[in-house]
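Undergrad: Dropping in query-v5.cif, which is mmCIF, C-alpha atoms:
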data_model
loop_
_atom_site.label_atom_id
_atom_site.label_comp_id
_atom_site.auth_asym_id
_atom_site.auth_seq_id
_atom_site.Cartn_x
_atom_site.Cartn_y
_atom_site.Cartn_z
CA MET A 3 82.59 90.26 111.64
CA SER A 4 79.31 88.51 112.33
CA ASP A 5 80.44 87.47 115.81
CA VAL A 6 80.57 91.07 117.07
CA VAL A 7 78.08 91.73 119.87
CA GLU A 8 75.93 94.82 119.27
CA ALA A 9 73.55 94.79 122.27
CA PHE A 10 74.07 95.02 126.02
CA THR A 11 74.07 91.70 127.84
CA ALA A 12 75.09 90.27 131.21
CA GLU A 13 76.30 87.11 129.48
CA THR A 14 80.02 86.30 129.31
CA LEU A 15 81.71 87.84 126.25
CA ALA A 16 85.18 87.79 124.76
CA TRP A 17 87.15 90.77 123.39
CA ARG A 18 89.10 91.08 120.14
CA PRO A 19 91.71 93.85 119.87
CA TYR A 20 92.08 96.20 116.89
CA VAL A 21 95.87 96.38 117.43
CA ALA A 22 98.37 93.59 117.96
CA PRO A 23 98.96 92.63 121.63
CA ILE A 24 102.56 92.23 122.75
CA ALA A 25 103.98 88.70 122.48
CA LEU A 26 104.92 87.25 125.85
CA GLU A 27 107.98 85.56 124.35
CA THR A 28 109.48 88.89 123.28
CA ALA A 29 108.23 91.01 126.23
CA THR A 30 110.73 93.40 127.81
CA GLU A 31 111.62 93.23 131.48
CA ALA A 32 109.38 96.27 132.16
CA GLN A 33 106.48 94.61 130.36
CA ARG A 34 106.93 91.38 132.30
CA ALA A 35 107.01 93.29 135.56
CA ALA A 36 103.82 95.16 134.64
CA LEU A 37 102.11 91.89 133.77
CA LYS A 38 103.27 90.41 137.09
CA GLU A 39 103.87 87.31 135.09
CA THR A 40 104.04 84.27 137.31
CA PRO A 41 106.20 81.19 136.74
CA SER A 42 103.01 79.16 136.53
CA ASN A 43 102.40 80.94 133.21
CA THR A 44 98.79 81.87 133.91
CA LYS A 45 96.83 83.04 130.90
CA VAL A 46 97.05 86.78 130.33
CA SER A 47 94.16 88.39 128.45
CA ASP A 48 94.61 90.09 125.07
CA TYR A 49 93.36 93.30 126.68
CA VAL A 50 96.19 93.30 129.22
CA LEU A 51 98.68 92.33 126.50
CA VAL A 52 97.55 95.35 124.43
CA LEU A 53 97.94 97.68 127.41
CA ALA A 54 101.42 96.21 128.03
CA HIS A 55 102.65 98.30 125.08
CA ASP A 56 102.72 101.04 127.79
CA PRO A 57 103.98 99.03 130.78
CA GLN A 58 104.37 101.88 133.27
CA SER A 59 100.75 102.94 132.87
CA LEU A 60 99.52 99.34 133.00
CA GLY A 61 101.55 98.65 136.14
CA GLU A 62 100.19 101.69 137.99
CA ARG A 63 96.63 101.30 136.78
CA THR A 64 96.03 97.72 137.94
CA PRO A 65 96.27 98.36 141.72
CA LEU A 66 94.23 101.58 141.40
CA PHE A 67 91.47 99.80 139.49
CA ASN A 68 91.38 96.89 141.94
CA GLY A 69 91.35 99.23 144.93
CA ILE A 70 88.46 101.24 143.57
CA MET A 71 86.34 98.17 142.90
CA TYR A 72 87.30 95.93 145.83
CA ALA A 73 88.66 98.01 148.76
CA ARG A 74 87.00 97.29 152.11
CA GLY A 75 84.49 99.69 153.66
CA GLY A 76 82.63 102.52 152.02
CA LEU A 77 80.10 101.96 149.28
CA ALA A 78 78.76 98.41 148.92
CA ARG A 79 80.62 96.54 146.22
CA ALA A 80 77.37 95.91 144.35
CA GLU A 81 76.74 99.64 144.12
CA ARG A 82 80.25 100.27 142.76
CA GLU A 83 79.43 97.69 140.09
CA LEU A 84 76.18 99.52 139.37
CA GLY A 85 78.04 102.81 138.85
CA ALA A 86 80.53 100.98 136.60
CA THR A 87 77.71 99.43 134.58
CA VAL A 88 75.83 102.70 134.12
CA ALA A 89 79.00 104.45 132.92
CA SER A 90 79.74 101.57 130.55
CA VAL A 91 76.25 101.74 129.07
CA LEU A 92 76.51 105.49 128.53
CA ASN A 93 79.93 105.08 126.88
CA ARG A 94 78.67 101.98 125.02
CA CYS A 95 81.42 99.67 126.23
CA ILE A 96 79.43 96.47 125.74
CA TYR A 97 82.24 94.28 127.07
CA CYS A 98 82.70 96.30 130.30
CA ALA A 99 78.93 96.43 130.77
CA SER A 100 78.69 92.64 130.46
CA VAL A 101 81.34 91.98 133.11
CA HIS A 102 80.11 94.51 135.65
CA SER A 103 76.39 93.94 135.20
CA ALA A 104 77.02 90.24 135.84
CA ARG A 105 78.97 91.11 139.01
CA TYR A 106 76.17 93.40 140.18
CA ILE A 107 73.60 90.65 139.65
CA GLN A 108 75.85 88.15 141.44
CA LEU A 109 76.32 90.47 144.45
CA ALA A 110 72.88 92.13 144.69
CA ARG A 111 70.71 89.35 143.23
CA ARG A 112 68.63 91.98 141.43
CA PRO A 113 68.67 91.33 137.67
CA GLU A 114 65.69 93.65 137.21
CA VAL A 115 67.91 96.65 138.06
CA ILE A 116 70.28 95.75 135.21
CA GLU A 117 67.36 95.14 132.84
CA GLN A 118 66.20 98.71 133.44
CA VAL A 119 69.71 100.14 133.02
CA PHE A 120 70.17 98.25 129.73
CA ALA A 121 66.70 99.33 128.57
CA GLY A 122 67.62 102.98 129.19
CA THR A 123 64.82 103.44 131.74
CA PRO A 124 66.66 104.17 135.02
CA GLU A 125 63.84 106.54 136.05
CA THR A 126 61.79 103.45 136.92
CA LEU A 127 64.39 102.23 139.47
CA PRO A 128 63.84 102.36 143.26
CA ALA A 129 64.96 105.66 144.82
CA ARG A 130 68.49 104.68 145.92
CA GLU A 131 69.39 102.93 142.66
CA ARG A 132 67.80 105.77 140.70
CA ALA A 133 69.93 108.36 142.52
CA ILE A 134 73.08 106.30 141.90
CA ALA A 135 72.26 105.75 138.21
CA ASP A 136 71.32 109.38 137.60
CA PHE A 137 74.52 110.66 139.22
CA SER A 138 76.58 108.11 137.28
CA VAL A 139 75.05 109.11 133.93
CA LYS A 140 75.61 112.81 134.58
CA LEU A 141 79.17 112.44 135.90
CA SER A 142 80.00 110.35 132.80
CA ALA A 143 78.79 113.06 130.40
CA CYS A 144 81.24 115.37 128.59
CA PRO A 145 81.35 117.92 130.12
CA PRO A 146 80.25 116.29 133.39
CA ALA A 147 76.70 117.39 134.18
CA ALA A 148 76.40 116.18 137.78
CA GLY A 149 75.64 119.08 140.09
CA ALA A 150 74.25 119.97 143.48
CA ALA A 151 70.84 118.42 142.69
CA GLU A 152 72.31 115.01 141.87
CA MET A 153 74.58 115.24 144.92
CA GLN A 154 71.60 116.03 147.14
CA ALA A 155 69.70 113.06 145.70
CA LEU A 156 72.57 110.80 146.77
CA ARG A 157 72.52 112.28 150.27
CA ASP A 158 68.72 111.90 150.43
CA ALA A 159 69.19 108.25 149.45
CA GLY A 160 71.46 107.87 152.48
CA LEU A 161 74.95 107.98 150.97
CA SER A 162 77.72 109.43 153.14
CA ASP A 163 80.56 111.52 151.68
CA ALA A 164 82.80 108.44 151.84
CA GLU A 165 80.26 106.42 149.87
CA VAL A 166 79.81 109.21 147.33
CA LEU A 167 83.58 109.28 146.76
CA ASP A 168 83.58 105.52 146.14
CA LEU A 169 80.81 105.99 143.57
CA VAL A 170 82.72 108.88 141.95
CA LEU A 171 85.84 106.70 141.73
CA SER A 172 84.00 103.74 140.19
CA VAL A 173 82.25 105.93 137.60
CA ALA A 174 85.49 107.81 136.84
CA VAL A 175 87.61 104.68 136.49
CA PHE A 176 85.08 103.38 133.97
CA GLY A 177 85.31 106.69 132.13
CA TRP A 178 88.92 105.49 131.82
CA ALA A 179 88.37 101.75 131.19
CA ASN A 180 85.58 102.29 128.64
CA ARG A 181 87.83 104.68 126.69
CA LEU A 182 90.40 101.89 126.40
CA MET A 183 88.31 98.80 125.95
CA HIS A 184 85.65 100.20 123.62
CA THR A 185 88.15 102.08 121.45
CA LEU A 186 90.97 99.49 121.20
CA GLY A 187 88.84 96.44 120.42
CA GLU A 188 85.38 94.95 120.16
CA PRO A 189 83.13 92.54 122.10
CA ILE A 190 82.60 89.15 120.52
CA ARG A 191 80.76 85.93 121.33
CA PRO A 192 83.13 83.57 123.15
CA ALA A 193 84.22 80.51 121.21
CA ALA A 194 81.97 77.55 121.92
CA GLY A 195 83.17 74.94 124.39
CA MET B 16 108.06 116.98 146.55
CA PRO B 17 105.40 116.31 143.92
CA VAL B 18 102.22 118.34 144.15
CA ASP B 19 99.02 116.36 144.75
CA VAL B 20 97.18 117.54 141.66
CA ILE B 21 93.74 116.22 142.56
CA ALA B 22 93.90 117.73 146.07
CA VAL B 23 94.93 121.11 144.70
CA LEU B 24 92.28 121.20 141.98
CA ALA B 25 89.52 119.96 144.30
CA ASP B 26 90.63 122.63 146.81
CA ALA B 27 91.06 120.13 149.65
CA ALA B 28 93.16 122.57 151.71
CA ASP B 29 90.21 124.95 152.16
CA ASN B 30 87.47 122.33 152.33
CA PRO B 31 87.41 119.94 155.30
CA ALA B 32 84.75 117.68 153.73
CA VAL B 33 86.92 117.18 150.65
CA ALA B 34 90.03 116.58 152.75
CA ALA B 35 88.20 114.06 154.95
CA ALA B 36 86.81 112.13 152.00
CA MET B 37 90.26 112.00 150.39
CA ALA B 38 91.88 110.90 153.66
CA GLY B 39 89.42 108.01 153.83
CA ARG B 40 90.77 106.72 150.52
CA ALA B 41 94.34 108.02 150.85
CA ASP B 42 95.77 104.90 149.17
CA LEU B 43 93.57 105.36 146.09
CA MET B 44 94.39 109.08 145.94
CA ALA B 45 98.12 108.26 146.07
CA ALA B 46 97.59 105.63 143.36
CA SER B 47 95.79 108.23 141.23
CA GLU B 48 98.82 110.52 141.51
CA ALA B 49 101.14 107.64 140.60
CA ASN B 50 99.04 107.12 137.48
CA TYR B 51 99.25 110.84 136.72
CA ARG B 52 103.05 110.58 136.73
CA ALA B 53 102.99 107.34 134.68
CA VAL B 54 100.86 108.95 131.98
CA MET B 55 102.13 112.53 131.95
CA THR B 56 105.85 112.08 132.76
CA PRO B 57 106.66 108.43 132.00
CA ASP B 58 110.21 107.09 132.16
CA ASP B 59 109.82 106.04 128.51
CA PRO B 60 107.56 108.52 126.66
CA GLY B 61 107.96 106.64 123.36
CA GLY B 62 106.66 108.62 120.42
CA LEU B 63 104.47 110.93 122.50
CA SER B 64 106.52 113.72 124.08
CA GLY B 65 105.87 115.26 127.47
CA GLU B 66 104.92 118.55 125.79
CA GLU B 67 102.39 116.76 123.57
CA ARG B 68 100.95 114.88 126.54
CA ARG B 69 100.40 118.10 128.49
CA ALA B 70 98.88 119.80 125.45
CA LEU B 71 96.44 116.94 124.87
CA ALA B 72 95.56 116.82 128.57
CA CYS B 73 94.87 120.57 128.51
CA ARG B 74 92.66 120.11 125.45
CA ILE B 75 90.68 117.34 127.20
CA ALA B 76 90.17 119.60 130.23
CA MET B 77 88.96 122.39 127.94
CA LEU B 78 86.57 120.04 126.10
CA ASN B 79 85.14 119.25 129.53
CA GLY B 80 84.84 122.89 130.53
CA ASP B 81 87.29 122.47 133.42
CA ALA B 82 89.22 125.75 133.35
CA PRO B 83 91.32 125.13 136.50
CA LEU B 84 92.50 121.74 135.20
CA ALA B 85 93.19 123.25 131.77
CA LYS B 86 95.26 125.95 133.46
CA HIS B 87 97.22 123.28 135.34
CA TYR B 88 98.16 121.53 132.11
CA VAL B 89 98.80 124.66 130.01
CA THR B 90 101.38 125.96 132.48
CA GLY B 91 104.80 125.72 130.91
CA LEU B 92 103.54 124.86 127.43
CA GLY B 93 105.20 126.61 124.51
CA ALA B 94 103.32 128.20 121.61
CA ALA B 95 103.17 124.95 119.64
CA GLY B 96 101.76 123.08 122.61
CA ALA B 97 99.25 125.81 123.36
CA ALA B 98 97.98 125.62 119.77
CA LEU B 99 97.46 121.85 120.11
CA ALA B 100 95.63 122.41 123.38
CA ASP B 101 93.06 124.81 121.96
CA PRO B 102 89.95 122.98 120.66
CA GLU B 103 88.99 126.14 118.73
CA ALA B 104 92.29 126.37 116.85
CA PRO B 105 92.43 125.17 113.23
CA SER B 106 93.54 121.58 112.67
CA PRO B 107 97.35 121.38 112.28
CA ALA B 108 98.86 120.70 108.85
CA ASP B 109 100.95 117.87 110.28
CA THR B 110 99.16 114.58 109.50
CA ARG B 111 100.17 112.82 112.71
CA LEU B 112 99.16 115.70 114.98
CA ALA B 113 95.87 116.23 113.15
CA ALA B 114 94.99 112.54 113.53
CA MET B 115 95.87 112.59 117.23
CA LEU B 116 93.72 115.67 117.89
CA ARG B 117 90.80 114.16 116.02
CA HIS B 118 91.08 111.01 118.16
CA VAL B 119 91.40 112.98 121.41
CA ASP B 120 88.25 114.94 120.59
CA LEU B 121 86.26 111.87 119.52
CA VAL B 122 87.17 109.66 122.48
CA THR B 123 86.77 112.45 125.01
CA ARG B 124 83.42 113.73 123.77
CA HIS B 125 81.77 110.75 122.05
CA PRO B 126 83.54 107.55 123.16
CA ARG B 127 80.48 105.51 122.21
CA GLU B 128 81.00 106.44 118.55
CA ALA B 129 84.59 105.15 118.30
CA THR B 130 85.15 102.24 115.90
CA ARG B 131 87.90 100.11 114.38
CA ALA B 132 88.23 102.73 111.61
CA ASP B 133 89.37 105.34 114.16
CA ILE B 134 92.32 103.17 115.20
CA ALA B 135 93.07 102.46 111.53
CA ALA B 136 93.17 106.23 110.95
CA LEU B 137 95.88 106.61 113.61
CA THR B 138 97.92 103.82 112.03
CA ALA B 139 97.50 105.41 108.60
CA ALA B 140 98.79 108.71 110.03
CA GLY B 141 101.99 106.97 111.08
CA LEU B 142 101.43 106.13 114.75
CA ALA B 143 103.08 102.93 115.95
CA THR B 144 100.95 100.49 117.91
CA ALA B 145 102.68 101.35 121.19
CA ASP B 146 102.03 105.05 120.59
CA ILE B 147 98.35 104.36 119.91
CA VAL B 148 98.19 102.66 123.32
CA ARG B 149 100.11 105.55 124.97
CA LEU B 150 97.75 108.09 123.38
CA SER B 151 94.73 106.06 124.50
CA GLN B 152 96.05 106.02 128.08
CA VAL B 153 96.57 109.80 128.09
CA ILE B 154 93.02 110.39 126.86
CA ALA B 155 91.47 107.83 129.20
CA PHE B 156 93.45 108.89 132.29
CA VAL B 157 92.64 112.60 132.02
CA ASN B 158 88.98 111.73 131.57
CA TYR B 159 89.25 109.77 134.85
CA GLN B 160 91.14 112.50 136.66
CA LEU B 161 88.72 115.28 135.76
CA ARG B 162 85.74 113.23 136.97
CA VAL B 163 87.41 112.50 140.31
CA ILE B 164 88.07 116.23 140.71
CA THR B 165 84.49 117.07 139.69
CA GLY B 166 83.09 114.57 142.20
CA LEU B 167 85.28 115.88 145.02
CA ARG B 168 84.18 119.44 144.30
CA LEU B 169 80.56 118.25 144.60
CA ILE B 170 81.35 116.63 147.96
CA GLY B 171 82.80 120.01 148.93
CA GLY B 172 79.53 121.75 148.10
CA ALA B 173 80.11 122.96 144.54
CA ALA B 174 76.97 123.74 142.56
#
Show the structure stored in the file as structure tokens.

TA:
Amino acid sequence: MSDVVEAFTAETLAWRPYVAPIALETATEAQRAALKETPSNTKVSDYVLVLAHDPQSLGERTPLFNGIMYARGGLARAERELGATVASVLNRCIYCASVHSARYIQLARRPEVIEQVFAGTPETLPARERAIADFSVKLSACPPAAGAAEMQALRDAGLSDAEVLDLVLSVAVFGWANRLMHTLGEPIRPAAG
Amino acid sequence: MPVDVIAVLADAADNPAVAAAMAGRADLMAASEANYRAVMTPDDPGGLSGEERRALACRIAMLNGDAPLAKHYVTGLGAAGAALADPEAPSPADTRLAAMLRHVDLVTRHPREATRADIAALTAAGLATADIVRLSQVIAFVNYQLRVITGLRLIGGAA
């Protein structure tokens, strides 16, 4: 498996499942509904086709995930991506980390923040990013280790309760996503071309 | 009328800051509860019974030191379920259950260490592919839920 990616990167990766995805041709009505399959037959990822083995969960999870990452107002989208990336690094979901670090860089235009997160040196980040990263690491731990001190650091960095909740949701939903994507498959180099 | 589990466990009724934060993202809180029902009481539970789901969820809460959430999930469990829920109990003799508990503990506590071999171990213990995905969703969802609750308690002033 020489194409497996072993180090964090913001480059585009592919994902190879450890279990067989469902086949679209033989999908049940519930599975098709969960996939929101369109007549235009858009390409559905292997990851989604693996999760379609449990269509009710897939169908409920998609709008929650999208709402957490993209809903208007609250915490800046870039900072939700930062929380997602920090959680993914802690949980070693290299695929999730690649997608969400790239989105952070695209939105915030600050690749140096991601370099420090990947290098495991978040203590060198500016105060606001450091508070976000530290809280995200500690909330991701098992048991969660975020406490009043980390909460106060977020408030000192200027986050409102509404923004803190958005950070909590992004870190928590990656505690979920990482436990699917890192355990059910592996990150690989995309095919050339 | 279904109980809003996150609101109850984050004590929103007695904490205006928690209630206000939740109200600001009411749609996402409702979606979280919909996911709770999809994972814990699905229309088609497949090879993972409701009793087993609650027991595993309780175990995940205990592994995370969340006694109130563990109490929520242990309520109504029979003796067999309670034994599955206890991380200190000896591993069950049943091959399938033992493999599921091992996976629950690994993915909850050390997700970064999970490999292809851990999925192969579930298959070898007799789990169908769909049940491996169902089990993965139970583990992953409860790990989400307990972090949302933890974060809300911090917003409410918990130490």

Undergrad: Would you be able to write out as an mmCIF file with C-alpha atoms, in the coordinates of the input which residues have an atom within 10 Å of (92.9, 92.7, 128.9) in the file's coordinates, counting all atoms listed in the file?

TA:
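Output saved as part.cif:
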data_model
loop_
_atom_site.group_PDB
_atom_site.id
_atom_site.type_symbol
_atom_site.label_atom_id
_atom_site.label_comp_id
_atom_site.auth_asym_id
_atom_site.auth_seq_id
_atom_site.Cartn_x
_atom_site.Cartn_y
_atom_site.Cartn_z
ATOM 1 C CA TRP A 17 87.150 90.770 123.390
ATOM 2 C CA ARG A 18 89.100 91.080 120.140
ATOM 3 C CA PRO A 19 91.710 93.850 119.870
ATOM 4 C CA PRO A 23 98.960 92.630 121.630
ATOM 5 C CA VAL A 46 97.050 86.780 130.330
ATOM 6 C CA SER A 47 94.160 88.390 128.450
ATOM 7 C CA ASP A 48 94.610 90.090 125.070
ATOM 8 C CA TYR A 49 93.360 93.300 126.680
ATOM 9 C CA VAL A 50 96.190 93.300 129.220
ATOM 10 C CA LEU A 51 98.680 92.330 126.500
ATOM 11 C CA VAL A 52 97.550 95.350 124.430
ATOM 12 C CA LEU A 53 97.940 97.680 127.410
ATOM 13 C CA ALA A 54 101.420 96.210 128.030
ATOM 14 C CA LEU A 182 90.400 101.890 126.400
ATOM 15 C CA MET A 183 88.310 98.800 125.950
#

Undergrad: List the neighbours of Ala159 in chain A out to 10 Å using only C-alpha atoms; skip same-chain residues closer than 6 positions along the sequence, and give me the result as a ChimeraX atom specification.

TA: /A:129-134,153

Undergrad: Could you give me, as a Markdown table, a per-residue list for chain A showing, wherever an atom lies at most 7 Å from an atom of chain B, the closest pair of atoms and their distance in Å to one decimal, using only C-alpha atoms and sorting by chain then residue number from low to high?

TA:
| residue | atom | partner | partner_atom | distance |
| --- | --- | --- | --- | --- |
| A:Tyr20 | CA | B:Arg131 | CA | 6.2 |
| A:Val21 | CA | B:Thr144 | CA | 6.6 |
| A:Leu53 | CA | B:Val148 | CA | 6.4 |
| A:His55 | CA | B:Ala145 | CA | 4.9 |
| A:Asp56 | CA | B:Arg149 | CA | 5.9 |
| A:Gln58 | CA | B:Ala53 | CA | 5.8 |
| A:Ser59 | CA | B:Ala53 | CA | 5.3 |
| A:Glu62 | CA | B:Asn50 | CA | 5.6 |
| A:Arg63 | CA | B:Asn50 | CA | 6.3 |
| A:Leu66 | CA | B:Ala46 | CA | 5.6 |
| A:Gly69 | CA | B:Leu43 | CA | 6.6 |
| A:Asn93 | CA | B:Arg127 | CA | 4.7 |
| A:Arg94 | CA | B:Arg127 | CA | 4.9 |
| A:Leu141 | CA | B:Arg162 | CA | 6.7 |
| A:Cys144 | CA | B:Arg124 | CA | 5.5 |
| A:Pro145 | CA | B:Asn79 | CA | 4.1 |
| A:Pro146 | CA | B:Asn79 | CA | 6.9 |
| A:Gly149 | CA | B:Ala174 | CA | 5.4 |
| A:Ala150 | CA | B:Ala174 | CA | 4.7 |
| A:Met153 | CA | B:Leu169 | CA | 6.7 |
| A:Asp163 | CA | B:Ala36 | CA | 6.3 |
| A:Ala164 | CA | B:Ala36 | CA | 5.5 |
| A:Leu167 | CA | B:Ala36 | CA | 6.8 |
| A:Val170 | CA | B:Gly166 | CA | 5.7 |
| A:Leu171 | CA | B:Val163 | CA | 6.2 |
| A:Ala174 | CA | B:Tyr159 | CA | 4.7 |
| A:Val175 | CA | B:Tyr159 | CA | 5.6 |
| A:Gly177 | CA | B:Tyr159 | CA | 5.7 |
| A:Trp178 | CA | B:Ala155 | CA | 4.3 |
| A:Arg181 | CA | B:Ala155 | CA | 5.4 |
| A:Leu182 | CA | B:Ser151 | CA | 6.3 |
| A:Thr185 | CA | B:Ala129 | CA | 5.7 |

Undergrad: Just the residues within 10 Å of Ala139 in chain B, please, counting all atoms listed in the file, with nothing from its chain fewer than 6 positions along; format it as a ChimeraX atom specification.

TA: /B:110-111,114,133

Undergrad: Let me make sure I understand: among B:Ala136, B:Ala22, B:Ala100, B:Ala28, which one has the smallest atom-to-atom distance to Glu67 in chain B if we use only C-alpha atoms?

TA: B:Ala100

Undergrad: With the file shown as input, list the residues that the PyMOL selection byres ((chain A and resi 115) around 10) selects, as a ChimeraX atom specification.

TA: /A:84,103,106-107,110-114,116-121,123-124,126-128,131-132

Undergrad: Find the distance between CA of Asn30 in chain B and CA of Pro83 in chain B and write it in Å to one decimal.

TA: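 CA of Pro83 in chain B lies 16.5 Å from CA of Asn30 in chain B.
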
Undergrad: Please put the answer as JSON: centre and edge lengths, in Å with one decimal, of a box along x, y and z that encloses all listed atoms of range 141-150 of chain A plus 3 Å on each side.

TA:
{"center_x": 77.8, "center_y": 115.2, "center_z": 136.0, "size_x": 13.1, "size_y": 15.6, "size_z": 20.9}

Undergrad: CA of Ala104 in chain A to CA of Ala12 in chain A: how many Å, to one decimal?

TA: 5.0 Å

Undergrad: Calculate how many Å separate CA of Ala82 in chain B from CA of Ala25 in chain B, rounding to one decimal.

TA: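 Interatomic distance here is 12.4 Å.
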
Undergrad: Between A:Val166, A:Pro192, A:Ala29, A:Ser172, which has the minimum distance to Asn68 in chain A (counting all atoms listed in the file)?

TA: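 Among the listed residues, A:Ser172 lies closest to Asn68 in chain A.
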